[in-house]
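What follows is my_file19.csv (CSV, C-alpha atoms).
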chain,number,residue,atom,x,y,z
H,22,MET,CA,0.0,0.0,0.0
H,23,ASN,CA,1.0,3.6,-0.4
H,24,ALA,CA,0.8,6.0,2.5
H,25,LYS,CA,1.4,9.7,2.9
H,26,THR,CA,4.1,10.6,5.3
H,27,ALA,CA,5.3,14.0,6.7
H,28,GLU,CA,9.0,13.5,5.8
H,29,LEU,CA,9.0,11.2,2.8
H,30,GLY,CA,5.9,12.2,1.0
H,31,GLU,CA,3.9,9.4,-0.5
H,32,THR,CA,5.7,6.2,0.1
H,33,ALA,CA,5.2,2.5,-0.3
H,34,ILE,CA,4.6,0.6,3.0
H,35,GLU,CA,4.5,-3.2,3.3
H,36,GLU,CA,1.6,-4.5,5.3
H,37,ALA,CA,4.0,-6.6,7.3
H,38,ASN,CA,5.7,-3.5,8.7
H,39,ILE,CA,2.6,-1.9,10.0
H,40,ILE,CA,2.4,-1.7,13.8
H,41,ASN,CA,-1.0,-1.6,15.4
H,42,PHE,CA,-1.6,0.6,18.5
H,43,ASP,CA,-4.9,-0.5,20.0
H,44,PRO,CA,-5.8,1.6,21.8
H,45,GLY,CA,-3.8,4.5,20.3
H,46,LEU,CA,-1.4,6.6,22.1
H,47,LEU,CA,-2.8,8.9,24.8
H,48,ALA,CA,-4.3,12.0,23.1
H,49,PHE,CA,-4.1,10.2,19.8
H,50,GLU,CA,-6.6,7.5,20.5
H,51,ASN,CA,-8.0,7.5,17.0
H,52,LEU,CA,-4.7,6.7,15.3
H,53,HIS,CA,-3.9,3.0,15.3
H,54,ARG,CA,-1.6,2.2,12.4
H,55,PHE,CA,2.1,3.3,12.5
H,56,VAL,CA,5.4,2.5,10.8
H,57,MET,CA,8.7,2.7,12.6
H,58,LEU,CA,11.5,4.0,10.4
H,59,ASP,CA,15.3,4.0,10.9
H,60,ILE,CA,17.3,7.2,10.9
H,61,VAL,CA,20.6,7.1,9.0
H,62,GLU,CA,22.7,9.2,11.4
H,63,ASN,CA,21.7,7.7,14.7
H,64,PRO,CA,20.6,4.1,15.2
H,65,HIS,CA,19.5,4.8,18.8
H,66,PHE,CA,16.6,6.9,17.4
H,67,LYS,CA,13.5,5.8,15.4
H,68,TRP,CA,10.9,7.7,13.5
H,69,LEU,CA,7.3,6.7,14.2
H,70,GLN,CA,4.9,7.8,11.5
H,71,SER,CA,1.2,7.5,11.7
H,72,LEU,CA,-0.5,6.0,8.7
H,73,ASP,CA,-3.9,7.3,9.7
H,74,ASN,CA,-2.7,11.0,9.9
H,75,PRO,CA,0.4,11.9,7.9
H,76,GLU,CA,1.0,15.0,10.1
H,77,VAL,CA,1.5,12.8,13.2
H,78,THR,CA,5.1,11.8,13.7
H,79,PHE,CA,7.1,10.9,16.8
H,80,LEU,CA,10.8,10.7,17.4
H,81,LEU,CA,11.6,7.7,19.6
H,82,VAL,CA,14.7,6.9,21.5
H,83,ASP,CA,16.1,3.7,23.1
H,84,PRO,CA,15.6,4.8,26.7
H,85,PHE,CA,18.3,2.5,28.0
H,86,THR,CA,21.0,4.4,26.1
H,87,VAL,CA,19.7,7.6,27.7
H,88,LYS,CA,19.4,6.3,31.3
H,89,ASN,CA,21.1,3.0,31.8
H,90,ASP,CA,19.3,2.1,35.0
H,91,TYR,CA,15.8,2.7,33.4
H,92,SER,CA,13.5,-0.2,33.8
H,93,VAL,CA,9.9,-1.0,32.7
H,94,ASP,CA,7.7,-3.4,34.6
H,95,LEU,CA,5.5,-5.2,32.2
H,96,SER,CA,2.3,-6.2,34.1
H,97,ALA,CA,0.4,-9.4,33.4
H,98,GLU,CA,-2.2,-7.2,31.8
H,99,VAL,CA,0.3,-5.7,29.3
H,100,ARG,CA,1.9,-9.0,28.5
H,101,GLU,CA,-1.5,-10.5,27.8
H,102,LYS,CA,-2.8,-7.6,25.7
H,103,LEU,CA,0.3,-7.5,23.6
H,104,ASP,CA,0.4,-11.3,23.4
H,105,ILE,CA,4.0,-11.4,24.7
H,106,GLU,CA,5.3,-14.9,25.1
H,107,ALA,CA,9.1,-14.3,25.4
H,108,ALA,CA,11.3,-11.4,26.5
H,109,GLU,CA,12.8,-11.4,23.0
H,110,ASP,CA,9.4,-10.3,21.6
H,111,VAL,CA,9.6,-7.0,23.4
H,112,ILE,CA,11.2,-3.7,22.3
H,113,ILE,CA,10.8,-0.5,24.3
H,114,TYR,CA,11.1,3.0,23.1
H,115,THR,CA,10.3,6.3,24.7
H,116,ILE,CA,9.0,9.4,23.0
H,117,VAL,CA,11.3,12.4,22.5
H,118,THR,CA,10.0,16.0,22.8
H,119,VAL,CA,12.2,18.4,20.8
H,120,PRO,CA,11.6,22.1,21.6
H,121,ALA,CA,12.1,24.8,19.0
H,122,SER,CA,15.6,25.4,20.4
H,123,GLY,CA,16.6,22.0,18.9
H,124,LEU,CA,17.9,18.6,19.9
H,125,LYS,CA,20.3,19.9,22.6
H,126,ASP,CA,17.2,20.7,24.8
H,127,ALA,CA,15.3,17.6,23.9
H,128,THR,CA,13.8,15.4,26.6
H,129,THR,CA,12.3,12.0,26.6
H,130,ASN,CA,9.2,10.8,28.5
H,131,LEU,CA,10.1,8.0,30.8
H,132,VAL,CA,6.6,7.9,32.3
H,133,GLY,CA,4.9,6.8,29.1
H,134,PRO,CA,7.1,4.2,27.3
H,135,LEU,CA,5.9,2.5,24.2
H,136,VAL,CA,6.0,-1.3,24.4
H,137,PHE,CA,6.2,-3.2,21.1
H,138,ASN,CA,5.7,-6.9,20.5
H,139,TRP,CA,7.9,-7.0,17.5
H,140,ARG,CA,6.9,-10.4,16.4
H,141,LYS,CA,3.2,-9.6,16.4
H,142,LYS,CA,3.6,-6.0,15.3
H,143,VAL,CA,1.4,-4.6,18.1
H,144,ALA,CA,2.3,-1.9,20.6
H,145,ARG,CA,0.8,0.2,23.3
H,146,GLN,CA,1.8,3.1,25.6
H,147,ILE,CA,2.0,2.2,29.2
H,148,ILE,CA,2.3,4.3,32.3
H,149,CYS,CA,5.4,3.8,34.6
H,150,GLU,CA,4.8,6.0,37.6
H,151,GLY,CA,7.8,7.3,39.5
H,152,ASN,CA,9.8,8.3,36.5
H,153,ILE,CA,10.7,11.7,35.0
H,154,ILE,CA,8.4,12.9,32.2
H,155,LYS,CA,11.0,15.4,30.8
H,156,TYR,CA,14.2,13.5,31.1
H,157,PRO,CA,17.0,15.4,29.3
H,158,LEU,CA,18.6,13.5,26.4
H,159,MET,CA,21.9,15.4,26.7
H,160,LYS,CA,23.7,15.8,30.0
H,161,GLN,CA,23.7,19.5,30.8
M,9,MET,CA,-20.8,13.0,37.5
M,10,LEU,CA,-22.3,10.9,40.2
M,11,VAL,CA,-21.4,12.2,43.6
M,12,LEU,CA,-21.7,10.0,46.7
M,13,THR,CA,-20.9,10.6,50.3
M,14,ARG,CA,-18.9,7.9,52.1
M,15,LYS,CA,-17.5,7.5,55.6
M,16,ILE,CA,-14.2,5.8,56.6
M,17,ASP,CA,-14.3,2.0,55.9
M,18,GLU,CA,-17.3,2.5,53.6
M,19,GLY,CA,-16.9,1.9,49.9
M,20,ILE,CA,-18.5,1.8,46.5
M,21,VAL,CA,-18.7,-1.1,44.0
M,22,ILE,CA,-18.3,-0.4,40.3
M,23,GLY,CA,-19.5,-3.1,38.0
M,24,ASP,CA,-19.0,-6.7,39.1
M,25,ASN,CA,-15.3,-6.6,40.0
M,26,ILE,CA,-14.2,-3.2,41.3
M,27,THR,CA,-14.5,-2.0,44.9
M,28,ILE,CA,-13.2,1.3,46.1
M,29,ARG,CA,-13.0,1.9,49.9
M,30,VAL,CA,-12.2,5.0,52.0
M,31,ILE,CA,-9.3,3.9,54.2
M,32,ALA,CA,-8.4,7.2,55.9
M,33,VAL,CA,-9.0,10.9,55.7
M,34,GLU,CA,-6.3,13.3,56.9
M,35,GLY,CA,-6.9,17.0,56.2
M,36,ASN,CA,-7.4,17.4,52.5
M,37,LYS,CA,-6.0,13.9,51.7
M,38,VAL,CA,-8.1,10.8,51.2
M,39,LYS,CA,-6.5,7.4,51.2
M,40,LEU,CA,-8.4,4.9,49.0
M,41,GLY,CA,-8.2,1.2,48.8
M,42,ILE,CA,-9.0,-0.4,45.5
M,43,ILE,CA,-9.9,-4.0,44.9
M,44,ALA,CA,-9.9,-5.0,41.3
M,45,ASP,CA,-8.8,-7.7,38.9
M,46,LYS,CA,-5.2,-7.6,38.0
M,47,ASP,CA,-6.1,-6.8,34.3
M,48,ILE,CA,-7.6,-3.5,35.3
M,49,SER,CA,-5.1,-0.7,35.1
M,50,ILE,CA,-5.2,1.9,37.8
M,51,VAL,CA,-3.4,5.2,37.3
M,52,ARG,CA,-3.4,8.6,39.0
M,53,GLU,CA,-5.5,10.9,36.8
M,54,GLU,CA,-2.9,13.7,36.7
M,55,ILE,CA,-0.2,11.4,35.5
M,56,LEU,CA,-2.4,10.2,32.6
M,57,GLU,CA,-3.0,13.9,31.8
M,58,ALA,CA,0.7,14.7,32.0
M,59,VAL,CA,1.5,11.9,29.5
M,60,LYS,CA,-1.3,13.0,27.2
M,61,ASN,CA,0.1,16.6,27.2
M,62,GLU,CA,3.6,15.4,26.6
M,63,ASN,CA,2.4,13.3,23.7
M,64,LEU,CA,0.6,16.3,22.2
M,65,SER,CA,3.8,18.4,22.3
M,66,ALA,CA,5.9,15.6,20.9
M,67,GLY,CA,3.5,14.3,18.2
M,68,HIS,CA,4.1,16.7,15.3
M,69,ILE,CA,7.9,16.7,15.2
M,70,ASP,CA,9.4,18.6,12.3
M,71,GLY,CA,12.2,16.5,10.8
M,72,SER,CA,13.9,19.5,9.3
M,73,ILE,CA,15.0,20.8,12.7
M,74,LEU,CA,16.9,17.5,13.3
M,75,ASN,CA,18.5,17.5,9.9
M,76,TRP,CA,18.5,13.7,9.9
M,77,SER,CA,17.7,11.4,7.0
M,78,ILE,CA,14.9,8.9,7.5
M,79,ILE,CA,15.3,5.7,5.6
M,80,PRO,CA,12.3,5.0,3.4
M,81,PRO,CA,10.3,1.9,4.3
M,82,SER,CA,11.4,0.1,1.1
M,83,GLU,CA,15.0,0.3,2.2
M,84,GLN,CA,14.5,-0.7,5.8
M,85,LYS,CA,16.5,-3.7,6.9

Using structure tokens, write down the structure from this file.
Amino acid sequence: MNAKTAELGETAIEEANIINFDPGLLAFENLHRFVMLDIVENPHFKWLQSLDNPEVTFLLVDPFTVKNDYSVDLSAEVREKLDIEAAEDVIIYTIVTVPASGLKDATTNLVGPLVFNWRKKVARQIICEGNIIKYPLMKQ
Amino acid sequence: MLVLTRKIDEGIVIGDNITIRVIAVEGNKVKLGIIADKDISIVREEILEAVKNENLSAGHIDGSILNWSIIPPSEQK
């Protein structure tokens, strides 16, 4: 299928690469289908593009490279809803907020990580209380 | 919104499987006990709102301020 994207214009997407968020991310509950794209310059980051609304894009980061003692507790509820059978199925990313001043002031949201079942191509945002919602990417 | 008055140790039952009980009241703080199945997620409302707001400010990122190249889906490994 072809999909409109914010950065690449109209582009071909393989069905097998579509990730389903059911329910959608908080505040974006009506958007369910996304693709995750690699970024050439930095493999720790990913680009998450909504296929339901081309204007909606998120920058994701591997939170464990940002804060090496970060941990996410996957409840029985989350494991069941994402059909997680093995630890290898799971990939975790957090959303990056980039202010107008640029990446040097960017933060990532450690309270609301995205949990992906990579094998099943399903994901959801979970809440991990007790973390920092604007955790700086760069050490000041 | 339904508003009910409860005393300490009294509770309310929501549906078949959720019970919320008032454990203690200290000044303007109320301690609640919640009995629910493990598959019911329970989150403080303001934390949910904070994540929602953070998603909104993150969800329309402009790739040009990053100056990075995104690999098209057809070339993804």

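The smallest atom-to-atom distance between chain M and any of H:Leu72, H:Met22, H:Val82, H:Ile154, using only C-alpha atoms, is found for H:Ile154.
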
Could you name the residues that touch Ile148 of chain H at 12 Å or less, counting only C-alpha atoms, but leaving out those on the same chain fewer than 4 positions away, as a PDB file with C-alpha atoms, in the coordinates of the input?
ATOM      1  CA  LEU H  46      -1.400   6.600  22.100  1.00  0.00           C
ATOM      2  CA  LEU H  47      -2.800   8.900  24.800  1.00  0.00           C
ATOM      3  CA  VAL H  93       9.900  -1.000  32.700  1.00  0.00           C
ATOM      4  CA  ASP H  94       7.700  -3.400  34.600  1.00  0.00           C
ATOM      5  CA  LEU H  95       5.500  -5.200  32.200  1.00  0.00           C
ATOM      6  CA  SER H  96       2.300  -6.200  34.100  1.00  0.00           C
ATOM      7  CA  VAL H  99       0.300  -5.700  29.300  1.00  0.00           C
ATOM      8  CA  THR H 115      10.300   6.300  24.700  1.00  0.00           C
ATOM      9  CA  ASN H 130       9.200  10.800  28.500  1.00  0.00           C
ATOM     10  CA  LEU H 131      10.100   8.000  30.800  1.00  0.00           C
ATOM     11  CA  VAL H 132       6.600   7.900  32.300  1.00  0.00           C
ATOM     12  CA  GLY H 133       4.900   6.800  29.100  1.00  0.00           C
ATOM     13  CA  PRO H 134       7.100   4.200  27.300  1.00  0.00           C
ATOM     14  CA  LEU H 135       5.900   2.500  24.200  1.00  0.00           C
ATOM     15  CA  VAL H 136       6.000  -1.300  24.400  1.00  0.00           C
ATOM     16  CA  ASN H 152       9.800   8.300  36.500  1.00  0.00           C
ATOM     17  CA  ILE H 153      10.700  11.700  35.000  1.00  0.00           C
ATOM     18  CA  ILE H 154       8.400  12.900  32.200  1.00  0.00           C
TER      19      ILE H 154
ATOM     20  CA  SER M  49      -5.100  -0.700  35.100  1.00  0.00           C
ATOM     21  CA  ILE M  50      -5.200   1.900  37.800  1.00  0.00           C
ATOM     22  CA  VAL M  51      -3.400   5.200  37.300  1.00  0.00           C
ATOM     23  CA  ARG M  52      -3.400   8.600  39.000  1.00  0.00           C
ATOM     24  CA  GLU M  53      -5.500  10.900  36.800  1.00  0.00           C
ATOM     25  CA  GLU M  54      -2.900  13.700  36.700  1.00  0.00           C
ATOM     26  CA  ILE M  55      -0.200  11.400  35.500  1.00  0.00           C
ATOM     27  CA  LEU M  56      -2.400  10.200  32.600  1.00  0.00           C
ATOM     28  CA  GLU M  57      -3.000  13.900  31.800  1.00  0.00           C
ATOM     29  CA  ALA M  58       0.700  14.700  32.000  1.00  0.00           C
ATOM     30  CA  VAL M  59       1.500  11.900  29.500  1.00  0.00           C
ATOM     31  CA  LYS M  60      -1.300  13.000  27.200  1.00  0.00           C
TER      32      LYS M  60
END

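Distance check against chain H using all atoms listed in the file: of M:Asn75, M:Asp24, M:Ala66, M:Gly41, the minimum falls on M:Ala66.
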
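Among the candidates H:Phe55, H:Phe66, H:Phe42, H:Tyr114, the residue lying nearest to Leu74 of chain M is H:Phe66 (atoms considered: all atoms listed in the file).
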
Compile the residues of chain M that lie within 8 Å of chain H, evaluated using all atoms listed in the file, and express the compilation as a PyMOL selection string.
-> chain M and resi 46-49+51+55-56+58-69+71+73-74+76-82+84

Would you mind listing what lies within 9 Å of Arg29 of chain M as a ChimeraX atom specification, with only C-alpha atoms counted and same-chain residues fewer than 5 positions away left out?
-> /M:14,16-21,39-43

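For Asp43 of chain H, the list of residues within 8 Å, based on all atoms listed in the file and with local chain neighbours fewer than 5 positions off taken out, reads His53, Val143, Ala144 and Arg145 of chain H.
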